[in-house]
Every structure is written in C-alpha cells, then in structure tokens.
file run_21.csv (CSV, C-alpha atoms)
chain,number,residue,atom,x,y,z
Q,1,ARG,CA,67.2,20.3,157.4
Q,2,LYS,CA,64.8,20.5,154.5
Q,3,GLU,CA,64.7,17.4,152.2
Q,4,VAL,CA,65.3,19.6,149.1
Q,5,GLU,CA,66.8,23.1,149.3
Q,6,GLN,CA,67.2,25.6,146.5
Q,7,ASP,CA,68.8,28.9,146.0
Q,8,PRO,CA,66.7,31.7,147.3
Q,9,GLY,CA,65.3,34.0,144.7
Q,10,PRO,CA,64.2,35.9,142.9
Q,11,PHE,CA,66.7,36.1,140.0
Q,12,ASN,CA,66.3,39.2,137.8
Q,13,VAL,CA,68.3,38.8,134.6
Q,14,PRO,CA,68.2,40.6,131.2
Q,15,GLU,CA,67.3,38.7,128.0
Q,16,GLY,CA,70.2,36.7,126.6
Q,17,ALA,CA,71.8,36.2,130.0
Q,18,THR,CA,72.9,32.8,131.4
Q,19,VAL,CA,71.5,31.9,134.7
Q,20,ALA,CA,72.2,28.9,137.0
Q,21,PHE,CA,70.0,27.4,139.7
Q,22,ASN,CA,71.4,25.1,142.4
Q,23,CYS,CA,69.7,22.6,144.6
Q,24,THR,CA,70.8,20.2,147.4
Q,25,TYR,CA,69.0,17.1,148.7
Q,26,SER,CA,69.3,15.4,152.1
Q,27,ASN,CA,68.3,11.8,151.3
Q,28,SER,CA,71.3,9.9,149.9
Q,29,ALA,CA,69.0,7.1,148.8
Q,30,SER,CA,67.1,9.4,146.4
Q,31,GLN,CA,66.7,7.8,143.1
Q,32,SER,CA,65.4,10.3,140.5
Q,33,PHE,CA,65.9,14.0,140.0
Q,34,PHE,CA,64.0,16.6,138.0
Q,35,TRP,CA,63.5,20.2,137.3
Q,36,TYR,CA,59.9,21.4,137.0
Q,37,ARG,CA,58.7,24.8,135.9
Q,38,GLN,CA,55.6,26.5,137.3
Q,39,ASP,CA,54.1,29.7,135.8
Q,40,CYS,CA,52.0,32.0,138.1
Q,41,ARG,CA,48.7,30.4,139.1
Q,42,LYS,CA,49.4,27.3,136.9
Q,43,GLU,CA,50.3,23.7,137.6
Q,44,PRO,CA,53.9,22.5,137.7
Q,45,LYS,CA,55.2,21.0,134.4
Q,46,LEU,CA,58.1,18.8,134.0
Q,47,LEU,CA,61.0,20.7,132.4
Q,48,MET,CA,63.6,17.9,132.3
Q,49,SER,CA,64.9,14.9,134.2
Q,50,VAL,CA,68.4,15.0,135.6
Q,51,TYR,CA,70.9,12.2,134.9
Q,52,SER,CA,74.2,11.4,136.5
Q,53,SER,CA,76.0,12.0,133.2
Q,54,GLY,CA,74.4,15.4,132.8
Q,55,ASN,CA,71.9,16.2,130.1
Q,56,GLU,CA,71.0,19.0,127.8
Q,57,ASP,CA,67.8,20.0,126.1
Q,58,GLY,CA,68.3,23.0,123.9
Q,59,ARG,CA,69.2,26.0,126.1
Q,60,PHE,CA,68.8,24.0,129.3
Q,61,THR,CA,71.5,21.9,130.9
Q,62,ALA,CA,71.0,19.8,134.0
Q,63,GLN,CA,73.8,18.3,136.2
Q,64,LEU,CA,73.7,15.9,139.1
Q,65,ASN,CA,76.5,15.2,141.6
Q,66,ARG,CA,75.4,12.3,143.7
Q,67,ALA,CA,78.5,12.5,146.0
Q,68,SER,CA,77.7,16.1,146.9
Q,69,GLN,CA,73.9,15.5,146.7
Q,70,TYR,CA,73.7,18.5,144.4
Q,71,ILE,CA,71.7,19.3,141.3
Q,72,SER,CA,72.0,22.3,139.0
Q,73,LEU,CA,70.1,23.8,136.1
Q,74,LEU,CA,71.7,26.2,133.6
Q,75,ILE,CA,69.7,28.3,131.3
Q,76,ARG,CA,71.5,29.9,128.4
Q,77,ASP,CA,70.3,32.8,126.2
Q,78,SER,CA,67.4,33.6,128.6
Q,79,LYS,CA,64.1,34.5,126.9
Q,80,LEU,CA,61.2,36.6,128.4
Q,81,SER,CA,59.2,33.4,128.3
Q,82,ASP,CA,61.6,31.7,130.7
Q,83,SER,CA,60.2,33.9,133.5
Q,84,ALA,CA,58.7,31.4,135.9
Q,85,THR,CA,59.4,29.5,139.2
Q,86,TYR,CA,61.8,26.6,138.8
Q,87,LEU,CA,61.3,23.7,141.2
Q,88,CYS,CA,63.9,21.1,142.0
Q,89,VAL,CA,62.3,17.8,142.6
Q,90,VAL,CA,63.7,14.7,144.1
Q,91,ASN,CA,62.2,11.2,144.3
Q,92,GLY,CA,63.1,8.5,146.7
Q,93,GLY,CA,61.6,6.6,149.6
Q,94,THR,CA,58.8,4.2,150.2
Q,95,GLY,CA,57.9,2.4,147.0
Q,96,GLY,CA,59.6,5.2,145.0
Q,97,PHE,CA,56.6,7.4,145.0
Q,98,LYS,CA,57.6,10.0,147.6
Q,99,THR,CA,58.3,13.0,145.2
Q,100,ILE,CA,59.4,16.0,147.1
Q,101,PHE,CA,59.5,19.6,145.7
Q,102,GLY,CA,62.0,22.2,146.7
Q,103,ALA,CA,60.7,25.7,147.5
Q,104,GLY,CA,61.4,26.9,144.0
Q,105,THR,CA,63.4,29.8,142.6
Q,106,ARG,CA,61.6,32.6,140.9
Q,107,LEU,CA,63.2,33.9,137.6
Q,108,PHE,CA,62.4,37.2,136.0
Q,109,VAL,CA,63.8,37.8,132.6
Q,110,LYS,CA,63.6,41.4,131.5
Q,111,ALA,CA,63.8,43.0,128.1
V,1,ASP,CA,46.2,21.0,127.3
V,2,THR,CA,46.7,18.9,130.4
V,3,GLU,CA,45.6,15.2,130.2
V,4,VAL,CA,44.8,15.2,133.9
V,5,THR,CA,41.4,16.8,134.5
V,6,GLN,CA,40.4,18.2,137.9
V,7,THR,CA,36.9,19.4,138.9
V,8,PRO,CA,35.8,21.8,140.2
V,9,LYS,CA,38.4,24.5,139.3
V,10,HIS,CA,37.2,26.6,142.1
V,11,LEU,CA,35.4,25.7,145.3
V,12,VAL,CA,34.2,27.8,148.2
V,13,MET,CA,32.9,25.9,151.3
V,14,GLY,CA,32.0,26.5,154.9
V,15,MET,CA,33.6,24.7,157.8
V,16,THR,CA,30.6,22.4,158.2
V,17,ASN,CA,30.2,21.5,154.6
V,18,LYS,CA,31.1,18.2,152.9
V,19,LYS,CA,32.5,18.4,149.4
V,20,SER,CA,34.7,16.4,147.1
V,21,LEU,CA,37.4,17.2,144.6
V,22,LYS,CA,37.7,14.9,141.5
V,23,CYS,CA,40.6,14.0,139.3
V,24,GLU,CA,40.6,11.9,136.1
V,25,GLN,CA,43.3,10.7,133.8
V,26,HIS,CA,43.2,8.5,130.7
V,27,MET,CA,46.9,8.0,130.1
V,28,GLY,CA,46.9,4.5,131.7
V,29,HIS,CA,49.0,5.7,134.6
V,30,ARG,CA,48.7,3.5,137.7
V,31,ALA,CA,50.0,6.0,140.2
V,32,MET,CA,48.0,9.0,141.3
V,33,TYR,CA,48.8,11.7,143.8
V,34,TRP,CA,47.3,14.6,145.7
V,35,TYR,CA,49.4,17.6,146.5
V,36,LYS,CA,48.5,20.8,148.4
V,37,GLN,CA,50.0,24.1,147.4
V,38,LYS,CA,49.7,27.3,149.4
V,39,ALA,CA,50.6,30.7,147.8
V,40,LYS,CA,54.3,31.1,147.1
V,41,LYS,CA,55.1,27.7,148.5
V,42,PRO,CA,56.0,24.4,146.7
V,43,PRO,CA,53.5,21.6,146.3
V,44,GLU,CA,53.3,19.4,149.5
V,45,LEU,CA,52.6,15.7,149.0
V,46,MET,CA,49.5,14.5,150.7
V,47,PHE,CA,48.6,11.0,149.3
V,48,VAL,CA,49.8,8.5,146.7
V,49,TYR,CA,47.9,5.7,145.2
V,50,SER,CA,49.5,2.9,143.2
V,51,TYR,CA,47.3,0.2,141.6
V,52,GLU,CA,44.3,1.8,143.3
V,53,LYS,CA,45.8,1.2,146.8
V,54,LEU,CA,46.9,3.9,149.2
V,55,SER,CA,50.7,3.8,149.2
V,56,ILE,CA,51.6,7.0,151.0
V,57,ASN,CA,49.7,9.2,153.5
V,58,GLU,CA,51.9,12.0,154.6
V,59,SER,CA,50.2,12.3,158.0
V,60,VAL,CA,47.3,14.2,156.5
V,61,PRO,CA,44.4,15.1,159.0
V,62,SER,CA,41.4,12.9,158.7
V,63,ARG,CA,39.2,15.7,157.5
V,64,PHE,CA,40.8,14.9,154.1
V,65,SER,CA,39.8,11.5,152.9
V,66,PRO,CA,41.2,10.1,149.6
V,67,GLU,CA,39.5,7.6,147.4
V,68,CYS,CA,40.6,5.8,144.3
V,69,PRO,CA,37.5,4.1,142.7
V,70,ASN,CA,39.4,2.9,139.7
V,71,SER,CA,42.6,3.3,137.8
V,72,SER,CA,41.4,6.5,136.1
V,73,LEU,CA,39.8,8.3,139.0
V,74,LEU,CA,41.0,9.9,142.2
V,75,ASN,CA,38.8,11.7,144.7
V,76,LEU,CA,39.5,13.8,147.7
V,77,HIS,CA,36.6,14.0,150.2
V,78,LEU,CA,36.6,17.1,152.4
V,79,HIS,CA,34.7,17.5,155.7
V,80,ALA,CA,35.0,19.9,158.5
V,81,LEU,CA,37.8,21.8,157.0
V,82,GLN,CA,39.5,24.8,158.5
V,83,PRO,CA,40.2,28.2,156.9
V,84,GLU,CA,44.0,27.3,156.8
V,85,ASP,CA,43.1,24.4,154.5
V,86,SER,CA,42.4,27.0,151.8
V,87,ALA,CA,44.9,26.2,149.0
V,88,LEU,CA,45.4,24.9,145.5
V,89,TYR,CA,44.9,21.1,145.5
V,90,LEU,CA,46.8,19.5,142.7
V,91,CYS,CA,46.2,16.0,141.3
V,92,ALA,CA,49.0,14.2,139.4
V,93,SER,CA,49.6,10.9,137.8
V,94,SER,CA,52.7,8.9,136.7
V,95,GLN,CA,53.6,5.7,134.9
V,96,LEU,CA,54.9,3.0,137.1
V,97,ASN,CA,57.5,1.7,134.6
V,98,ARG,CA,59.3,5.1,134.2
V,99,ALA,CA,61.5,7.0,136.6
V,100,PRO,CA,59.3,7.8,139.7
V,101,GLY,CA,58.8,11.6,139.8
V,102,GLU,CA,57.8,12.2,136.2
V,103,LEU,CA,54.4,13.6,137.2
V,104,PHE,CA,51.7,15.0,135.0
V,105,PHE,CA,49.6,17.5,136.9
V,106,GLY,CA,46.1,18.7,136.5
V,107,GLU,CA,45.3,22.4,136.6
V,108,GLY,CA,44.3,22.2,140.2
V,109,SER,CA,41.2,22.9,142.3
V,110,ARG,CA,41.4,26.2,144.2
V,111,LEU,CA,39.7,25.8,147.5
V,112,THR,CA,38.6,28.5,149.8
V,113,VAL,CA,37.3,27.6,153.3
V,114,LEU,CA,35.2,30.3,155.0
call {"tool": "encode", "arguments": {"input": "run_21.csv", "output": "structure tokens"}}
result
Amino acid sequence: RKEVEQDPGPFNVPEGATVAFNCTYSNSASQSFFWYRQDCRKEPKLLMSVYSSGNEDGRFTAQLNRASQYISLLIRDSKLSDSATYLCVVNGGTGGFKTIFGAGTRLFVKA
Amino acid sequence: DTEVTQTPKHLVMGMTNKKSLKCEQHMGHRAMYWYKQKAKKPPELMFVYSYEKLSINESVPSRFSPECPNSSLLNLHLHALQPEDSALYLCASSQLNRAPGELFFGEGSRLTVL
C-alpha cells in the first residue's frame, strides 16, 4: 500500500464549480498534513496546512480525519487559475522530516 | 520569486561525467532536502539534512552524494549517472520550529543524462 494515496484524476470542471479532492495515508503516527499545488513544469508550493479542526482559506477548505486517516480539500467557485496538480502531503517518521507526497490530482478548470 | 535558489536550471551530462547541483537559501532554515521528480510523478524524497547533518537517506544509490557545507548551502554531487536518473531535482528547506512539512522549494534543476 502506498504511504499517501489520492483520488485518480484528472478532474475537468467548469468555472464556478465546487470540486473535492480526497487523500488517505497509511502511517497512523503521521504528525502534519498539507496540500501543495504544482503548476506544470514548476516547483510545488504550499497551499495550506490541514488541522484536525478543519481550516479554511478563502475558497479553500481542508479537513482531516485522524481516525479514518483521511484528508480532503474542497475548492469552491473554481477559477481558471486553479488549474494545477494538487498534492496531498503527509509528514511523519524519523525526526519528523520524512515528508511524503501523494501522486497528485490534476485539475482542469474550463471557461 | 522563490527564496530557495538552485543552479544550474538545466544540466546535460554524460554517464562518465561528474557534476554538482547547488542549492542556497537565506531564510535561516536549518532543514534542507533533496527531492527527485520524474514527469507526471510526485516528488520523491532523497535526502534530508538538519543542522547540517544528514538525517535521512532514502536508500539513494551512491552515485548521488549530498553535501551540506553550511546552514545555507546544499549540494548534490553526481557521478556515473544512468539515463534513468534524468529528472527534475528539487531542493527544499524548512524551519525546525514549525510543523515539519512546510517546505519551500527551489525551481529545480532539470537533469538529462545521455
């Protein structure tokens, strides 16, 4: 089983749509959780951290369910500029530095 | 603009060459990372340094040799690489007093091995 698994993509949605990405992780000792965004041929960039109580940043809402080892990202009112690959990232392990990326989910937002 | 600088941006090398990738950050971060990313795949962790000491080596072949000369610099020395080592090599850094996993990436060095 992969350490971090994400929904297969790609997701093709119209502008203004709401889209949700899911992610599961295998290591119950994992400490920190994140969503990163990666544009084509660019480096990954931190989108948001994911907290147990759930957190929101504008149109983006992240949820964590530790019991189910499940993370989600909801994007409301999709914009063309949201088109990118969204990477679920989990940290845990030796010294807390082992940061593992999920395979990513490609999102295409169309006009 | 990224605060993690990687050089060179592109590198083409033969299988017998020796080359190095360089990474620099001036954010005062004390953890630095090397990731390898193949096309349409996620970044794969290779090495982690904390306080200039190697903390994690993800069973990377010895033809890749990391070096952390000081808290701002991270090198990746390359020798006798194979064509399948062609990839984007990403350097990242993070603070040690924040949630591990908040990584700042450089733009990467795109390596082609002929």
call {"tool": "atom_distance", "arguments": {"input": "run_21.csv", "atom1": "atom CA of Gln25 of chain V", "atom2": "atom CA of Tyr51 of chain Q"}}
result
27.7 Å
call {"tool": "residues_around", "arguments": {"input": "run_21.csv", "residues": "segment 53-64 of chain Q", "least_positions_apart": "2", "cutoff": "12 Å", "atoms": "all atoms listed in the file", "output": "count of residues only"}}
result
39
call {"tool": "residues_around", "arguments": {"input": "run_21.csv", "residues": "Ser83 of chain Q", "least_positions_apart": "5", "cutoff": "12 Å", "atoms": "only C-alpha atoms", "output": "list in words"}}
result
Pro10, Phe11, Asn12, Val13, Pro14, Glu15, Val19, Arg37, Gln38, Asp39, Cys40, Ile75, Ser78, Thr105, Arg106, Leu107, Phe108, Val109, Lys110 and Ala111 of chain Q
call {"tool": "interface_residues", "arguments": {"input": "run_21.csv", "of": "chain V", "to": "chain Q", "cutoff": "7 Å", "atoms": "all atoms listed in the file", "output": "PyMOL selection string"}}
result
chain V and resi 41-43+99-102+104-108
call {"tool": "write_last_selection", "arguments": {"input": "run_21.csv", "atoms": "C-alpha atoms", "output": "mmCIF file, in the frame of the given file"}}
result
data_model
loop_
_atom_site.group_PDB
_atom_site.id
_atom_site.type_symbol
_atom_site.label_atom_id
_atom_site.label_comp_id
_atom_site.auth_asym_id
_atom_site.auth_seq_id
_atom_site.Cartn_x
_atom_site.Cartn_y
_atom_site.Cartn_z
ATOM 1 C CA LYS V 41 55.100 27.700 148.500
ATOM 2 C CA PRO V 42 56.000 24.400 146.700
ATOM 3 C CA PRO V 43 53.500 21.600 146.300
ATOM 4 C CA ALA V 99 61.500 7.000 136.600
ATOM 5 C CA PRO V 100 59.300 7.800 139.700
ATOM 6 C CA GLY V 101 58.800 11.600 139.800
ATOM 7 C CA GLU V 102 57.800 12.200 136.200
ATOM 8 C CA PHE V 104 51.700 15.000 135.000
ATOM 9 C CA PHE V 105 49.600 17.500 136.900
ATOM 10 C CA GLY V 106 46.100 18.700 136.500
ATOM 11 C CA GLU V 107 45.300 22.400 136.600
ATOM 12 C CA GLY V 108 44.300 22.200 140.200
#
call {"tool": "residues_around", "arguments": {"input": "run_21.csv", "residues": "Pro66 of chain V", "least_positions_apart": "6", "cutoff": "8 Å", "atoms": "only C-alpha atoms", "output": "mmCIF file with C-alpha atoms, in the frame of the given file"}}
result
data_model
loop_
_atom_site.group_PDB
_atom_site.id
_atom_site.type_symbol
_atom_site.label_atom_id
_atom_site.label_comp_id
_atom_site.auth_asym_id
_atom_site.auth_seq_id
_atom_site.Cartn_x
_atom_site.Cartn_y
_atom_site.Cartn_z
ATOM 1 C CA PHE V 47 48.600 11.000 149.300
ATOM 2 C CA LEU V 74 41.000 9.900 142.200
ATOM 3 C CA ASN V 75 38.800 11.700 144.700
ATOM 4 C CA LEU V 76 39.500 13.800 147.700
ATOM 5 C CA HIS V 77 36.600 14.000 150.200
#
call {"tool": "closest_residue", "arguments": {"input": "run_21.csv", "among": "V:Ser93, V:Ser50, V:Ser59, V:Thr7", "to": "Trp34 of chain V", "atoms": "only C-alpha atoms"}}
result
V:Ser93
call {"tool": "residues_around", "arguments": {"input": "run_21.csv", "residues": "Leu114 of chain V", "least_positions_apart": "3", "cutoff": "8 Å", "atoms": "all atoms listed in the file", "output": "PDB file with C-alpha atoms, in the coordinates of the input"}}
result
ATOM      1  CA  VAL V  12      34.200  27.800 148.200  1.00  0.00           C
ATOM      2  CA  MET V  13      32.900  25.900 151.300  1.00  0.00           C
ATOM      3  CA  GLY V  14      32.000  26.500 154.900  1.00  0.00           C
ATOM      4  CA  MET V  15      33.600  24.700 157.800  1.00  0.00           C
ATOM      5  CA  GLN V  82      39.500  24.800 158.500  1.00  0.00           C
ATOM      6  CA  PRO V  83      40.200  28.200 156.900  1.00  0.00           C
TER       7      PRO V  83
END
call {"tool": "atom_distance", "arguments": {"input": "run_21.csv", "atom1": "atom CA of Glu67 of chain V", "atom2": "atom CA of Thr112 of chain V"}}
result
21.1 Å
call {"tool": "atom_distance", "arguments": {"input": "run_21.csv", "atom1": "atom CA of Ala92 of chain V", "atom2": "atom CA of Leu11 of chain V"}}
result
18.8 Å
call {"tool": "closest_residue", "arguments": {"input": "run_21.csv", "among": "V:Asn17, V:Glu24, V:Met46, V:Arg110", "to": "Leu73 of chain V", "atoms": "only C-alpha atoms"}}
result
V:Glu24
call {"tool": "residues_around", "arguments": {"input": "run_21.csv", "residues": "Leu111 of chain V", "least_positions_apart": "6", "cutoff": "9 Å", "atoms": "only C-alpha atoms", "output": "VMD selection string"}}
result
chain V and resid 9 to 13 85 to 89
call {"tool": "closest_residue", "arguments": {"input": "run_21.csv", "among": "V:Thr16, V:Ser62, V:Gln95, V:Met32", "to": "Val48 of chain V", "atoms": "only C-alpha atoms"}}
result
V:Met32
call {"tool": "closest_residue", "arguments": {"input": "run_21.csv", "among": "V:Ser109, V:Ser94, V:Ser20, V:Asn70", "to": "Glu3 of chain V", "atoms": "all atoms listed in the file"}}
result
V:Ser94
call {"tool": "decode", "arguments": {"input": "run_21.csv", "residues": "segment 22-97 of chain V", "atoms": "C-alpha atoms", "output": "PDB file, in the first residue's frame"}}
result
ATOM      1  CA  LYS V  22      23.720  23.567  -5.903  1.00  0.00           C
ATOM      2  CA  CYS V  23      21.045  24.974  -3.634  1.00  0.00           C
ATOM      3  CA  GLU V  24      21.088  28.074  -1.465  1.00  0.00           C
ATOM      4  CA  GLN V  25      18.618  29.595   0.980  1.00  0.00           C
ATOM      5  CA  HIS V  26      18.892  32.628   3.218  1.00  0.00           C
ATOM      6  CA  MET V  27      15.737  32.181   5.259  1.00  0.00           C
ATOM      7  CA  GLY V  28      17.600  30.787   8.275  1.00  0.00           C
ATOM      8  CA  HIS V  29      16.049  27.370   7.768  1.00  0.00           C
ATOM      9  CA  ARG V  30      18.009  24.555   9.395  1.00  0.00           C
ATOM     10  CA  ALA V  31      16.484  21.650   7.467  1.00  0.00           C
ATOM     11  CA  MET V  32      17.240  21.130   3.785  1.00  0.00           C
ATOM     12  CA  TYR V  33      16.025  18.462   1.413  1.00  0.00           C
ATOM     13  CA  TRP V  34      16.678  16.920  -1.979  1.00  0.00           C
ATOM     14  CA  TYR V  35      13.748  15.512  -3.937  1.00  0.00           C
ATOM     15  CA  LYS V  36      13.700  13.848  -7.332  1.00  0.00           C
ATOM     16  CA  GLN V  37      10.696  14.273  -9.607  1.00  0.00           C
ATOM     17  CA  LYS V  38      10.049  12.382 -12.831  1.00  0.00           C
ATOM     18  CA  ALA V  39       7.459  13.586 -15.332  1.00  0.00           C
ATOM     19  CA  LYS V  40       3.848  13.217 -14.131  1.00  0.00           C
ATOM     20  CA  LYS V  41       5.031  11.741 -10.824  1.00  0.00           C
ATOM     21  CA  PRO V  42       5.189  13.284  -7.356  1.00  0.00           C
ATOM     22  CA  PRO V  43       8.450  14.411  -5.778  1.00  0.00           C
ATOM     23  CA  GLU V  44      10.340  11.526  -4.142  1.00  0.00           C
ATOM     24  CA  LEU V  45      12.394  12.230  -1.050  1.00  0.00           C
ATOM     25  CA  MET V  46      16.112  11.522  -1.432  1.00  0.00           C
ATOM     26  CA  PHE V  47      17.980  13.179   1.442  1.00  0.00           C
ATOM     27  CA  VAL V  48      17.308  15.397   4.446  1.00  0.00           C
ATOM     28  CA  TYR V  49      19.831  17.452   6.374  1.00  0.00           C
ATOM     29  CA  SER V  50      19.091  19.029   9.731  1.00  0.00           C
ATOM     30  CA  TYR V  51      21.632  21.277  11.398  1.00  0.00           C
ATOM     31  CA  GLU V  52      23.991  20.398   8.550  1.00  0.00           C
ATOM     32  CA  LYS V  53      23.914  16.698   9.446  1.00  0.00           C
ATOM     33  CA  LEU V  54      22.431  14.009   7.233  1.00  0.00           C
ATOM     34  CA  SER V  55      19.189  12.880   8.879  1.00  0.00           C
ATOM     35  CA  ILE V  56      17.554  10.823   6.169  1.00  0.00           C
ATOM     36  CA  ASN V  57      18.917   8.906   3.190  1.00  0.00           C
ATOM     37  CA  GLU V  58      16.088   7.159   1.399  1.00  0.00           C
ATOM     38  CA  SER V  59      18.316   4.342   0.116  1.00  0.00           C
ATOM     39  CA  VAL V  60      19.609   6.520  -2.683  1.00  0.00           C
ATOM     40  CA  PRO V  61      22.341   4.972  -4.904  1.00  0.00           C
ATOM     41  CA  SER V  62      25.858   6.103  -4.082  1.00  0.00           C
ATOM     42  CA  ARG V  63      26.218   7.782  -7.458  1.00  0.00           C
ATOM     43  CA  PHE V  64      24.300  10.608  -5.748  1.00  0.00           C
ATOM     44  CA  SER V  65      26.335  12.204  -2.967  1.00  0.00           C
ATOM     45  CA  PRO V  66      24.847  15.013  -0.878  1.00  0.00           C
ATOM     46  CA  GLU V  67      26.835  17.629   0.957  1.00  0.00           C
ATOM     47  CA  CYS V  68      25.810  20.418   3.314  1.00  0.00           C
ATOM     48  CA  PRO V  69      28.806  22.777   3.698  1.00  0.00           C
ATOM     49  CA  ASN V  70      26.906  25.227   5.907  1.00  0.00           C
ATOM     50  CA  SER V  71      23.403  26.118   7.014  1.00  0.00           C
ATOM     51  CA  SER V  72      22.633  27.977   3.776  1.00  0.00           C
ATOM     52  CA  LEU V  73      24.054  25.624   1.186  1.00  0.00           C
ATOM     53  CA  LEU V  74      23.184  22.158  -0.032  1.00  0.00           C
ATOM     54  CA  ASN V  75      24.953  20.353  -2.854  1.00  0.00           C
ATOM     55  CA  LEU V  76      24.220  17.165  -4.732  1.00  0.00           C
ATOM     56  CA  HIS V  77      27.276  15.618  -6.358  1.00  0.00           C
ATOM     57  CA  LEU V  78      26.589  13.433  -9.372  1.00  0.00           C
ATOM     58  CA  HIS V  79      28.878  10.755 -10.753  1.00  0.00           C
ATOM     59  CA  ALA V  80      28.392   7.865 -13.164  1.00  0.00           C
ATOM     60  CA  LEU V  81      24.698   8.522 -13.557  1.00  0.00           C
ATOM     61  CA  GLN V  82      22.364   6.473 -15.704  1.00  0.00           C
ATOM     62  CA  PRO V  83      19.856   7.765 -18.286  1.00  0.00           C
ATOM     63  CA  GLU V  84      17.008   6.805 -15.931  1.00  0.00           C
ATOM     64  CA  ASP V  85      18.366   9.368 -13.463  1.00  0.00           C
ATOM     65  CA  SER V  86      17.150  12.098 -15.811  1.00  0.00           C
ATOM     66  CA  ALA V  87      14.605  14.084 -13.800  1.00  0.00           C
ATOM     67  CA  LEU V  88      13.866  17.361 -12.085  1.00  0.00           C
ATOM     68  CA  TYR V  89      15.871  17.654  -8.882  1.00  0.00           C
ATOM     69  CA  LEU V  90      14.193  19.853  -6.306  1.00  0.00           C
ATOM     70  CA  CYS V  91      15.806  21.396  -3.276  1.00  0.00           C
ATOM     71  CA  ALA V  92      13.649  22.488  -0.350  1.00  0.00           C
ATOM     72  CA  SER V  93      14.129  23.972   3.077  1.00  0.00           C
ATOM     73  CA  SER V  94      12.040  24.259   6.214  1.00  0.00           C
ATOM     74  CA  GLN V  95      12.136  25.779   9.656  1.00  0.00           C
ATOM     75  CA  LEU V  96      12.712  23.411  12.533  1.00  0.00           C
ATOM     76  CA  ASN V  97      10.372  25.168  14.945  1.00  0.00           C
TER      77      ASN V  97
END
